[in-house]
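See below for input-v5.txt, which holds compact mmCIF, C-alpha atoms.
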```
# COMPACT_ATOMS: atom_id res chain seq x y z
CA MET G 1 -26.42 2.28 0.79
CA LYS G 2 -23.41 3.74 2.57
CA LEU G 3 -20.09 1.93 2.54
CA TYR G 4 -17.06 2.73 4.65
CA LEU G 5 -13.88 1.92 2.74
CA ALA G 6 -11.32 0.79 5.28
CA GLY G 7 -7.73 0.09 4.35
CA PRO G 8 -4.15 1.25 4.57
CA LEU G 9 -3.88 4.74 3.10
CA PHE G 10 -0.27 5.49 3.81
CA THR G 11 1.32 5.29 0.36
CA PRO G 12 0.31 6.84 -2.96
CA TYR G 13 -0.34 3.43 -4.53
CA HIS G 14 -2.60 2.29 -1.67
CA ARG G 15 -4.57 5.54 -1.93
CA ALA G 16 -4.79 5.23 -5.72
CA PHE G 17 -6.11 1.67 -5.44
CA ILE G 18 -8.71 2.65 -2.84
CA ALA G 19 -9.71 5.67 -4.95
CA ARG G 20 -10.21 3.46 -8.02
CA ASN G 21 -12.30 1.05 -5.95
CA ALA G 22 -14.38 3.93 -4.60
CA GLN G 23 -15.04 5.14 -8.13
CA ARG G 24 -16.20 1.70 -9.25
CA LEU G 25 -18.44 1.33 -6.20
CA ARG G 26 -19.94 4.78 -6.82
CA ASP G 27 -20.52 3.82 -10.46
CA ALA G 28 -22.42 0.80 -9.09
CA GLY G 29 -24.64 3.17 -7.10
CA PHE G 30 -23.12 3.00 -3.63
CA VAL G 31 -22.30 5.95 -1.38
CA CYS G 32 -18.66 5.65 -0.37
CA LEU G 33 -17.16 7.11 2.80
CA VAL G 34 -13.42 7.22 2.20
CA PRO G 35 -11.15 8.36 5.04
CA HIS G 36 -8.38 9.78 2.91
CA GLU G 37 -10.81 11.88 0.86
CA ARG G 38 -11.88 13.67 4.01
CA GLY G 39 -8.28 13.55 5.16
CA VAL G 40 -7.18 15.67 2.23
CA THR G 41 -9.49 18.46 3.34
CA ARG G 42 -8.26 18.15 6.90
CA GLU G 43 -4.68 18.18 5.69
CA MET G 44 -5.35 21.64 4.28
CA GLU G 45 -6.27 22.72 7.79
CA ARG G 46 -3.08 21.16 9.01
CA ALA G 47 -1.13 23.07 6.38
CA SER G 48 -2.19 26.19 8.22
CA GLY G 49 -0.19 24.95 11.16
CA ARG G 50 -2.53 22.76 13.23
CA VAL G 51 -1.77 19.06 13.44
CA LEU G 52 -4.71 16.75 14.03
CA SER G 53 -4.51 14.79 17.24
CA ALA G 54 -5.02 11.02 17.33
CA ALA G 55 -8.35 11.59 19.09
CA GLU G 56 -9.51 13.93 16.30
CA ILE G 57 -8.54 11.38 13.65
CA PHE G 58 -10.44 8.72 15.62
CA ASP G 59 -13.53 10.95 15.87
CA MET G 60 -13.44 11.67 12.15
CA ASP G 61 -13.20 8.01 11.16
CA TYR G 62 -15.61 6.74 13.84
CA GLU G 63 -18.28 9.10 12.54
CA MET G 64 -17.98 7.50 9.10
CA VAL G 65 -17.89 3.92 10.42
CA ASP G 66 -20.98 4.64 12.50
CA ALA G 67 -22.83 6.06 9.50
CA ALA G 68 -22.13 3.10 7.20
CA ASN G 69 -24.39 0.18 6.32
CA ALA G 70 -21.38 -1.98 5.48
CA ILE G 71 -17.60 -1.97 5.47
CA VAL G 72 -15.40 -2.85 2.54
CA ALA G 73 -12.01 -3.58 4.10
CA LEU G 74 -8.77 -3.85 2.17
CA LEU G 75 -6.88 -6.58 4.05
CA ASP G 76 -3.57 -6.55 2.14
CA ASP G 77 0.05 -6.38 3.28
CA PRO G 78 2.10 -8.56 5.64
CA ASP G 79 -0.40 -7.81 8.40
CA VAL G 80 -3.82 -6.16 8.18
CA SER G 81 -3.41 -2.46 8.90
CA SER G 82 -4.02 -1.89 12.62
CA GLY G 83 -6.45 0.94 11.89
CA THR G 84 -8.43 -1.26 9.50
CA ALA G 85 -8.52 -4.07 12.06
CA ALA G 86 -9.80 -1.68 14.74
CA GLU G 87 -12.52 -0.40 12.39
CA ILE G 88 -13.56 -3.96 11.60
CA GLY G 89 -13.84 -4.65 15.33
CA ILE G 90 -15.81 -1.47 15.97
CA PHE G 91 -18.23 -2.23 13.15
CA TYR G 92 -18.64 -5.84 14.32
CA GLY G 93 -19.60 -4.48 17.75
CA LEU G 94 -21.95 -1.82 16.39
CA MET G 95 -23.79 -4.23 14.11
CA GLN G 96 -24.77 -6.53 17.00
CA HIS G 97 -27.45 -4.00 17.95
CA ASP G 98 -28.06 -2.18 14.67
CA PRO G 99 -30.02 -4.01 11.95
CA THR G 100 -29.20 -1.29 9.39
CA LYS G 101 -25.61 -2.56 9.39
CA LYS G 102 -25.28 -5.53 7.07
CA GLY G 103 -21.71 -6.64 7.58
CA ILE G 104 -18.11 -6.56 6.47
CA VAL G 105 -16.67 -7.71 3.16
CA GLY G 106 -12.92 -8.08 2.86
CA LEU G 107 -10.89 -7.49 -0.27
CA LEU G 108 -7.64 -9.43 -0.20
CA THR G 109 -5.39 -9.16 -3.25
CA ASP G 110 -2.14 -10.03 -1.48
CA ASP G 111 -0.50 -13.09 -3.07
CA GLN G 112 1.38 -13.90 0.13
CA ALA G 113 -1.84 -14.08 2.15
CA TRP G 114 -3.49 -16.40 -0.38
CA LYS G 115 -0.36 -18.54 -0.34
CA ARG G 116 -0.84 -18.93 3.43
CA ALA G 117 -4.46 -19.93 2.83
CA GLU G 118 -3.42 -22.54 0.24
CA VAL G 119 -1.31 -24.35 2.83
CA GLY G 120 -4.02 -24.25 5.48
CA ALA G 121 -2.87 -21.24 7.53
CA PRO G 122 -5.17 -18.27 8.13
CA PRO G 123 -4.52 -15.73 5.34
CA ILE G 124 -4.82 -12.89 7.86
CA ASN G 125 -5.09 -12.58 11.66
CA ALA G 126 -7.69 -15.13 12.78
CA PHE G 127 -9.68 -12.73 14.99
CA THR G 128 -9.94 -10.17 12.20
CA LEU G 129 -10.84 -12.92 9.73
CA GLY G 130 -13.48 -14.20 12.14
CA CYS G 131 -15.09 -10.75 12.40
CA VAL G 132 -15.35 -10.65 8.61
CA GLU G 133 -16.51 -14.23 8.14
CA ARG G 134 -19.18 -13.96 10.88
CA THR G 135 -20.72 -11.02 9.03
CA GLY G 136 -19.59 -11.29 5.41
CA ARG G 137 -16.81 -12.82 3.36
CA VAL G 138 -13.32 -12.25 2.02
CA TYR G 139 -12.96 -11.89 -1.75
CA ARG G 140 -10.02 -11.60 -4.10
CA SER G 141 -11.61 -9.17 -6.56
CA LEU G 142 -13.78 -6.07 -6.37
CA ASP G 143 -16.27 -7.62 -8.83
CA GLU G 144 -17.06 -10.30 -6.25
CA VAL G 145 -17.34 -7.64 -3.53
CA ILE G 146 -19.84 -5.66 -5.62
CA THR G 147 -21.95 -8.76 -6.25
CA HIS G 148 -22.13 -9.38 -2.49
CA LEU G 149 -22.96 -5.74 -1.74
CA ARG G 150 -25.81 -5.73 -4.28
CA ILE G 151 -27.47 -8.57 -2.37
CA TRP G 152 -27.18 -6.63 0.90
CA ARG G 153 -28.55 -3.50 -0.73
CA LYS G 154 -31.57 -5.44 -2.00
CA GLU G 155 -32.15 -6.82 1.49
CA LEU G 156 -32.01 -3.33 3.03
CA VAL G 157 -34.53 -2.04 0.49
CA GLU G 158 -36.84 -5.00 1.12
CA ALA G 159 -36.56 -4.42 4.88
CA GLY G 160 -37.56 -0.78 4.41
CA VAL G 161 -34.26 0.53 5.77
CA LEU G 162 -33.47 2.12 2.42
CA GLU G 163 -35.81 3.61 -0.15
CA GLY G 164 -35.49 1.91 -3.53
CA GLY G 165 -33.91 5.03 -4.95
CA GLU G 166 -31.74 5.68 -1.93
CA GLY G 167 -30.38 2.18 -2.14
CA ARG G 168 -29.06 2.96 -5.58
CA ARG G 169 -27.57 6.36 -4.81
CA MET X 1 24.12 1.70 -15.33
CA ARG X 2 22.25 -1.31 -13.95
CA VAL X 3 19.63 -0.72 -11.28
CA PHE X 4 17.95 -3.31 -9.06
CA LEU X 5 14.51 -2.03 -8.05
CA SER X 6 13.19 -3.63 -4.87
CA GLY X 7 9.76 -3.16 -3.35
CA ILE X 8 6.57 -4.90 -2.31
CA ILE X 9 5.43 -7.28 -5.05
CA THR X 10 2.52 -9.12 -3.45
CA THR X 11 -0.32 -6.77 -4.37
CA PRO X 12 -1.36 -5.63 -7.85
CA TYR X 13 -1.16 -1.91 -7.08
CA ALA X 14 2.31 -2.16 -5.50
CA ARG X 15 3.48 -4.09 -8.57
CA GLU X 16 1.91 -1.41 -10.77
CA PHE X 17 3.91 1.27 -8.92
CA LEU X 18 7.15 -0.67 -9.42
CA SER X 19 6.30 -1.26 -13.05
CA LYS X 20 5.87 2.48 -13.62
CA CYS X 21 9.19 3.15 -11.89
CA SER X 22 10.91 0.48 -14.02
CA GLY X 23 9.49 2.06 -17.15
CA ALA X 24 10.73 5.50 -16.14
CA LEU X 25 14.20 4.12 -15.38
CA ARG X 26 14.38 2.39 -18.76
CA ASP X 27 13.18 5.57 -20.48
CA LYS X 28 16.22 7.28 -18.94
CA GLY X 29 18.53 4.60 -20.31
CA PHE X 30 19.05 2.57 -17.13
CA GLU X 31 18.99 -1.22 -17.24
CA CYS X 32 16.45 -2.24 -14.63
CA TYR X 33 15.73 -5.49 -12.85
CA SER X 34 12.71 -5.69 -10.59
CA PRO X 35 11.66 -8.99 -9.01
CA GLY X 36 7.96 -8.37 -9.51
CA GLY X 37 8.39 -7.30 -13.10
CA ASN X 38 10.80 -9.98 -14.17
CA ARG X 39 9.48 -13.10 -12.48
CA PRO X 40 6.57 -15.08 -13.89
CA ALA X 41 3.99 -15.60 -11.14
CA ASP X 42 4.19 -19.38 -11.42
CA GLN X 43 7.95 -19.46 -10.78
CA ALA X 44 8.09 -18.19 -7.24
CA ALA X 45 9.95 -21.08 -5.61
CA SER X 46 12.37 -19.98 -2.90
CA ASP X 47 15.49 -21.48 -4.50
CA THR X 48 14.99 -19.89 -7.91
CA THR X 49 13.97 -16.59 -6.30
CA VAL X 50 17.20 -16.29 -4.36
CA GLN X 51 19.35 -17.40 -7.30
CA ARG X 52 17.72 -14.98 -9.70
CA ASP X 53 17.62 -12.01 -7.34
CA TYR X 54 21.16 -12.60 -6.05
CA ALA X 55 22.55 -12.72 -9.59
CA ALA X 56 20.78 -9.46 -10.40
CA LEU X 57 22.04 -7.80 -7.20
CA ASP X 58 25.56 -8.97 -7.99
CA GLN X 59 25.40 -7.39 -11.42
CA ALA X 60 23.66 -4.17 -10.36
CA ASP X 61 25.47 -0.88 -9.90
CA ALA X 62 22.79 0.51 -7.60
CA LEU X 63 19.88 -0.68 -5.52
CA VAL X 64 16.69 1.37 -5.31
CA ALA X 65 14.59 0.10 -2.39
CA VAL X 66 11.01 1.10 -1.62
CA LEU X 67 10.87 1.15 2.19
CA ASP X 68 7.09 1.39 2.66
CA GLY X 69 5.18 -0.42 5.37
CA PHE X 70 5.06 0.03 9.14
CA ALA X 71 8.20 -2.08 8.97
CA VAL X 72 10.23 -2.44 5.77
CA SER X 73 9.16 -5.52 3.80
CA ASP X 74 11.27 -8.55 4.71
CA GLY X 75 12.09 -9.19 1.07
CA VAL X 76 13.27 -5.61 0.57
CA ALA X 77 15.33 -5.79 3.76
CA GLY X 78 16.97 -8.96 2.47
CA HIS X 79 17.90 -7.23 -0.79
CA ILE X 80 19.38 -4.27 1.13
CA GLY X 81 21.50 -6.51 3.32
CA THR X 82 22.74 -8.57 0.40
CA PHE X 83 23.64 -5.51 -1.66
CA TYR X 84 25.39 -3.91 1.31
CA ALA X 85 27.58 -7.01 1.63
CA LEU X 86 28.32 -6.99 -2.11
CA MET X 87 29.26 -3.29 -1.84
CA GLN X 88 32.01 -4.19 0.63
CA GLU X 89 33.69 -6.31 -2.05
CA SER X 90 32.92 -4.00 -4.93
CA PRO X 91 33.87 -0.34 -4.60
CA ALA X 92 32.43 0.23 -8.09
CA LYS X 93 28.91 -0.25 -6.81
CA LYS X 94 27.35 3.18 -6.44
CA GLY X 95 25.16 2.52 -3.43
CA ILE X 96 21.61 2.18 -2.16
CA ILE X 97 18.79 4.67 -2.60
CA GLY X 98 15.67 4.37 -0.44
CA ILE X 99 12.21 5.66 -1.28
CA LEU X 100 9.87 6.18 1.66
CA HIS X 101 6.26 7.27 1.21
CA ASP X 102 4.68 5.64 4.23
CA SER X 103 3.07 8.39 6.26
CA ARG X 104 2.99 6.26 9.42
CA VAL X 105 6.78 6.35 9.39
CA ALA X 106 7.68 9.61 7.66
CA ARG X 107 4.51 11.59 8.59
CA TRP X 108 2.21 13.17 6.03
CA ASP X 109 4.56 16.06 5.36
CA TRP X 110 7.70 13.85 5.61
CA ALA X 111 8.67 15.81 8.70
CA ALA X 112 10.11 12.65 10.29
CA GLY X 113 11.92 11.61 7.11
CA ALA X 114 13.60 8.22 7.42
CA ARG X 115 14.56 8.63 11.07
CA ALA X 116 12.11 5.95 12.20
CA VAL X 117 13.29 3.35 9.68
CA ASN X 118 15.12 0.38 11.25
CA TYR X 119 18.61 1.66 12.08
CA TYR X 120 20.41 -1.37 10.69
CA LEU X 121 18.74 -0.88 7.31
CA LEU X 122 19.22 2.88 7.45
CA GLY X 123 22.90 2.34 8.17
CA CYS X 124 23.23 0.02 5.17
CA ILE X 125 21.64 2.68 2.97
CA GLU X 126 23.44 5.73 4.31
CA GLU X 127 26.91 4.27 3.90
CA ARG X 128 26.67 5.09 0.19
CA GLY X 129 23.26 6.59 -0.38
CA ARG X 130 20.23 8.17 1.25
CA VAL X 131 16.46 8.00 1.51
CA PHE X 132 14.14 10.17 -0.59
CA ARG X 133 10.44 10.92 -0.33
CA SER X 134 9.56 10.17 -3.97
CA PHE X 135 10.65 8.17 -6.98
CA ALA X 136 11.37 11.38 -8.91
CA GLU X 137 13.90 12.48 -6.28
CA ALA X 138 15.48 9.03 -6.36
CA LEU X 139 15.69 9.18 -10.14
CA ALA X 140 17.48 12.54 -9.97
CA GLU X 141 20.03 11.03 -7.57
CA LEU X 142 20.60 8.05 -9.89
CA LEU X 143 21.21 10.46 -12.76
CA ARG X 144 23.78 12.31 -10.62
CA TRP X 145 25.46 9.00 -9.80
CA ASP X 146 25.54 8.32 -13.53
CA GLY X 147 27.23 11.67 -14.17
CA ARG X 148 24.20 13.17 -15.91
CA VAL X 149 23.98 16.30 -13.81
CA ASP X 150 21.98 18.36 -16.30
CA GLU X 151 19.32 15.67 -16.59
CA ALA X 152 19.22 15.43 -12.80
CA ARG X 153 18.69 19.20 -12.58
CA SER X 154 15.89 18.90 -15.08
CA VAL X 155 14.15 16.23 -12.94
CA ASP X 156 14.73 18.36 -9.82
CA ALA X 157 13.25 21.38 -11.60
CA GLY X 158 10.14 19.37 -12.39
CA LEU X 159 9.73 18.73 -8.67
CA ALA X 160 10.04 22.35 -7.67
```
Can I see the file as structure tokens?
Amino acid sequence: MKLYLAGPLFTPYHRAFIARNAQRLRDAGFVCLVPHERGVTREMERASGRVLSAAEIFDMDYEMVDAANAIVALLDDPDVSSGTAAEIGIFYGLMQHDPTKKGIVGLLTDDQAWKRAEVGAPPINAFTLGCVERTGRVYRSLDEVITHLRIWRKELVEAGVLEGGEGRR
Amino acid sequence: MRVFLSGIITTPYAREFLSKCSGALRDKGFECYSPGGNRPADQAASDTTVQRDYAALDQADALVAVLDGFAVSDGVAGHIGTFYALMQESPAKKGIIGILHDSRVARWDWAAGARAVNYYLLGCIEERGRVFRSFAEALAELLRWDGRVDEARSVDAGLA
């Protein structure tokens, strides 16, 4: 089962957190498509003097979103990263006509967002939250995310979309 | 030398980054106050937060501010403004050092540097300080401010 790991990747600690999550998801048998992993390779191209255009970055990420069976979206920070929100919207649109796409699970560790939820305000932008909640759920820990993803993987295997072995790779 | 370390404290990995920075500062003999590292999670009321952080800013010789985010965190911006005002009354305060990793602002190779940071905040920092691309560079500057030039050179050499 292929997962696209969406999230802000603009600081070393964001990238380290996403990398740790990717490792745990791979240990649980999922295939992880991680933008900044591919980005490192592309950065080496850029080091030779060619800067990637916005359209090339879009193409690179869209290809991965399109290939995924589900999105795991890191929703932290004062506002959900605009790139992450766009990817959530794209995936929501794609999955309306593609039964191999199971949905979107959000990972929200941001204390400030949960504080908003405690007082009855949306923890994140309501449209983005709606895209996630129509297709999946927001969790506070990766353990909960993995539990959810295992159910989806089982459903994809039972539906014949994934081979039993492929579902665990 | 007393250092106030300000940064995003609402996510576990941002707190972990600040905690590592605090540890490195203490290893170098600096006294370090960091809101995320010093405040129990269940004592986050607004009145105690401002009292505690203001007292620490008042006592600090330098402010190190992590400027990450598309826009600088509102809490960090508040600390910068407060410390800038305290600097006007206290010439002994060394100044403000910024750390900027965010590639949306600085670009991946830091080619844009801090030029896209809010000018009011940048002005507060640059009156007696500057913005660096990593904690290690900021640490070297703190060591220079503390008169420990050889140690600063050693940190700089590690970066080369």
>> When you look at Leu74 of chain G with a cut-off of 10 Å (counting only C-alpha atoms), what residues show up, excluding the ones that are within fewer than 4 positions of it in the same chain? I need them as a ChimeraX atom specification.
In response: /G:5-9,14,17-18,80-81,84-85,105-110,138-139
> Please, what distance in Å, to one decimal, runs between atom CA of Ala14 of chain X and atom CA of Gly120 of chain G?
Replying inline: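 Distance reported for this atom pair: 25.5 Å.
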>> Under the rule that all atoms listed in the file are counted, which of X:His101, X:Lys93, X:His79, X:Arg15 is the nearest residue to chain G?
In response: X:His101
>> Taking only C-alpha atoms into account and nothing else, which residues of chain X lie no more than 8 Å away from chain G? Please answer as a PyMOL selection string.
In response: chain X and resi 10-14+17+68+73+101-104
> Could you work out how far atom CA of Thr48 of chain X lies from atom CA of Gly129 of chain X, giving the answer in Å with one decimal?
Replying inline: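 For atom CA of Gly129 of chain X relative to atom CA of Thr48 of chain X, the distance reads 28.7 Å.
The spacing separating atom CA of Ala152 of chain X from atom CA of Leu25 of chain X amounts to 12.6 Å.
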> Leaving out Met95 of chain G and any residue of its chain fewer than 5 positions from it, which residues lie within 10 Å of it when counting all atoms listed in the file, given as number ranges by chain?
Replying inline: G: 66, 69-70, 90, 100-104, 135
Report as a compact mmCIF listing (two decimals) with C-alpha atoms, in the coordinates of the input all protein, DNA and RNA residues lying within 10 Å of Ser154 of chain X, evaluated on all atoms listed in the file, omitting residues in the same chain fewer than 5 positions from it.
```
# COMPACT_ATOMS: atom_id res chain seq x y z
CA ALA X 140 17.48 12.54 -9.97
CA VAL X 149 23.98 16.30 -13.81
CA LEU X 159 9.73 18.73 -8.67
```
>> Between X:Asp109, X:Asp61, X:Glu16, X:Glu126, which residue has the minimum interatomic distance to Trp145 of chain X, considering all atoms listed in the file?
In response: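 Of all the options, X:Asp61 lies closest to Trp145 of chain X.
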Only N, CA, C and O atoms, as a PDB file, in the first residue's frame: that is what I want for segment 22-39 of chain G.
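The result, written out as out.pdb:
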```
ATOM      1  N   ALA G  22       8.219   8.235   8.436  1.00  0.00           N
ATOM      2  CA  ALA G  22       8.344   7.378   7.252  1.00  0.00           C
ATOM      3  C   ALA G  22       8.996   6.051   7.628  1.00  0.00           C
ATOM      4  O   ALA G  22       8.571   4.978   7.172  1.00  0.00           O
ATOM      5  N   GLN G  23      10.007   6.127   8.474  1.00  0.00           N
ATOM      6  CA  GLN G  23      10.690   4.895   8.881  1.00  0.00           C
ATOM      7  C   GLN G  23       9.735   3.967   9.634  1.00  0.00           C
ATOM      8  O   GLN G  23       9.690   2.753   9.384  1.00  0.00           O
ATOM      9  N   ARG G  24       8.949   4.535  10.532  1.00  0.00           N
ATOM     10  CA  ARG G  24       8.003   3.716  11.303  1.00  0.00           C
ATOM     11  C   ARG G  24       6.929   3.119  10.393  1.00  0.00           C
ATOM     12  O   ARG G  24       6.523   1.973  10.573  1.00  0.00           O
ATOM     13  N   LEU G  25       6.473   3.901   9.421  1.00  0.00           N
ATOM     14  CA  LEU G  25       5.459   3.382   8.492  1.00  0.00           C
ATOM     15  C   LEU G  25       6.047   2.281   7.611  1.00  0.00           C
ATOM     16  O   LEU G  25       5.390   1.289   7.317  1.00  0.00           O
ATOM     17  N   ARG G  26       7.305   2.457   7.200  1.00  0.00           N
ATOM     18  CA  ARG G  26       7.949   1.403   6.395  1.00  0.00           C
ATOM     19  C   ARG G  26       8.138   0.143   7.235  1.00  0.00           C
ATOM     20  O   ARG G  26       7.942  -0.970   6.747  1.00  0.00           O
ATOM     21  N   ASP G  27       8.499   0.332   8.505  1.00  0.00           N
ATOM     22  CA  ASP G  27       8.635  -0.829   9.399  1.00  0.00           C
ATOM     23  C   ASP G  27       7.299  -1.569   9.536  1.00  0.00           C
ATOM     24  O   ASP G  27       7.275  -2.774   9.790  1.00  0.00           O
ATOM     25  N   ALA G  28       6.202  -0.814   9.393  1.00  0.00           N
ATOM     26  CA  ALA G  28       4.867  -1.422   9.484  1.00  0.00           C
ATOM     27  C   ALA G  28       4.417  -1.980   8.126  1.00  0.00           C
ATOM     28  O   ALA G  28       3.283  -2.431   7.985  1.00  0.00           O
ATOM     29  N   GLY G  29       5.300  -1.923   7.132  1.00  0.00           N
ATOM     30  CA  GLY G  29       5.017  -2.578   5.861  1.00  0.00           C
ATOM     31  C   GLY G  29       4.437  -1.702   4.774  1.00  0.00           C
ATOM     32  O   GLY G  29       4.002  -2.206   3.733  1.00  0.00           O
ATOM     33  N   PHE G  30       4.406  -0.390   4.984  1.00  0.00           N
ATOM     34  CA  PHE G  30       3.853   0.506   3.972  1.00  0.00           C
ATOM     35  C   PHE G  30       4.962   1.050   3.069  1.00  0.00           C
ATOM     36  O   PHE G  30       6.101   1.220   3.513  1.00  0.00           O
ATOM     37  N   VAL G  31       4.599   1.329   1.829  1.00  0.00           N
ATOM     38  CA  VAL G  31       5.506   2.019   0.900  1.00  0.00           C
ATOM     39  C   VAL G  31       5.260   3.512   1.068  1.00  0.00           C
ATOM     40  O   VAL G  31       4.116   3.954   0.971  1.00  0.00           O
ATOM     41  N   CYS G  32       6.325   4.248   1.359  1.00  0.00           N
ATOM     42  CA  CYS G  32       6.165   5.679   1.639  1.00  0.00           C
ATOM     43  C   CYS G  32       6.768   6.524   0.526  1.00  0.00           C
ATOM     44  O   CYS G  32       7.939   6.348   0.182  1.00  0.00           O
ATOM     45  N   LEU G  33       5.977   7.421  -0.005  1.00  0.00           N
ATOM     46  CA  LEU G  33       6.446   8.397  -0.990  1.00  0.00           C
ATOM     47  C   LEU G  33       6.631   9.713  -0.237  1.00  0.00           C
ATOM     48  O   LEU G  33       5.668  10.286   0.270  1.00  0.00           O
ATOM     49  N   VAL G  34       7.884  10.139  -0.145  1.00  0.00           N
ATOM     50  CA  VAL G  34       8.218  11.283   0.715  1.00  0.00           C
ATOM     51  C   VAL G  34       8.853  12.373  -0.142  1.00  0.00           C
ATOM     52  O   VAL G  34       9.952  12.175  -0.667  1.00  0.00           O
ATOM     53  N   PRO G  35       8.174  13.512  -0.290  1.00  0.00           N
ATOM     54  CA  PRO G  35       8.680  14.540  -1.215  1.00  0.00           C
ATOM     55  C   PRO G  35      10.123  14.951  -0.952  1.00  0.00           C
ATOM     56  O   PRO G  35      10.898  15.086  -1.887  1.00  0.00           O
ATOM     57  N   HIS G  36      10.498  15.131   0.308  1.00  0.00           N
ATOM     58  CA  HIS G  36      11.845  15.666   0.504  1.00  0.00           C
ATOM     59  C   HIS G  36      12.924  14.614   0.265  1.00  0.00           C
ATOM     60  O   HIS G  36      14.076  14.953   0.038  1.00  0.00           O
ATOM     61  N   GLU G  37      12.561  13.338   0.255  1.00  0.00           N
ATOM     62  CA  GLU G  37      13.565  12.326  -0.100  1.00  0.00           C
ATOM     63  C   GLU G  37      13.916  12.457  -1.579  1.00  0.00           C
ATOM     64  O   GLU G  37      15.067  12.418  -1.972  1.00  0.00           O
ATOM     65  N   ARG G  38      12.869  12.607  -2.407  1.00  0.00           N
ATOM     66  CA  ARG G  38      13.151  12.810  -3.825  1.00  0.00           C
ATOM     67  C   ARG G  38      13.783  14.191  -4.038  1.00  0.00           C
ATOM     68  O   ARG G  38      14.625  14.365  -4.896  1.00  0.00           O
ATOM     69  N   GLY G  39      13.351  15.122  -3.200  1.00  0.00           N
ATOM     70  CA  GLY G  39      13.877  16.479  -3.307  1.00  0.00           C
ATOM     71  C   GLY G  39      15.367  16.552  -3.111  1.00  0.00           C
ATOM     72  O   GLY G  39      16.047  17.340  -3.751  1.00  0.00           O
TER      73      GLY G  39
END
```
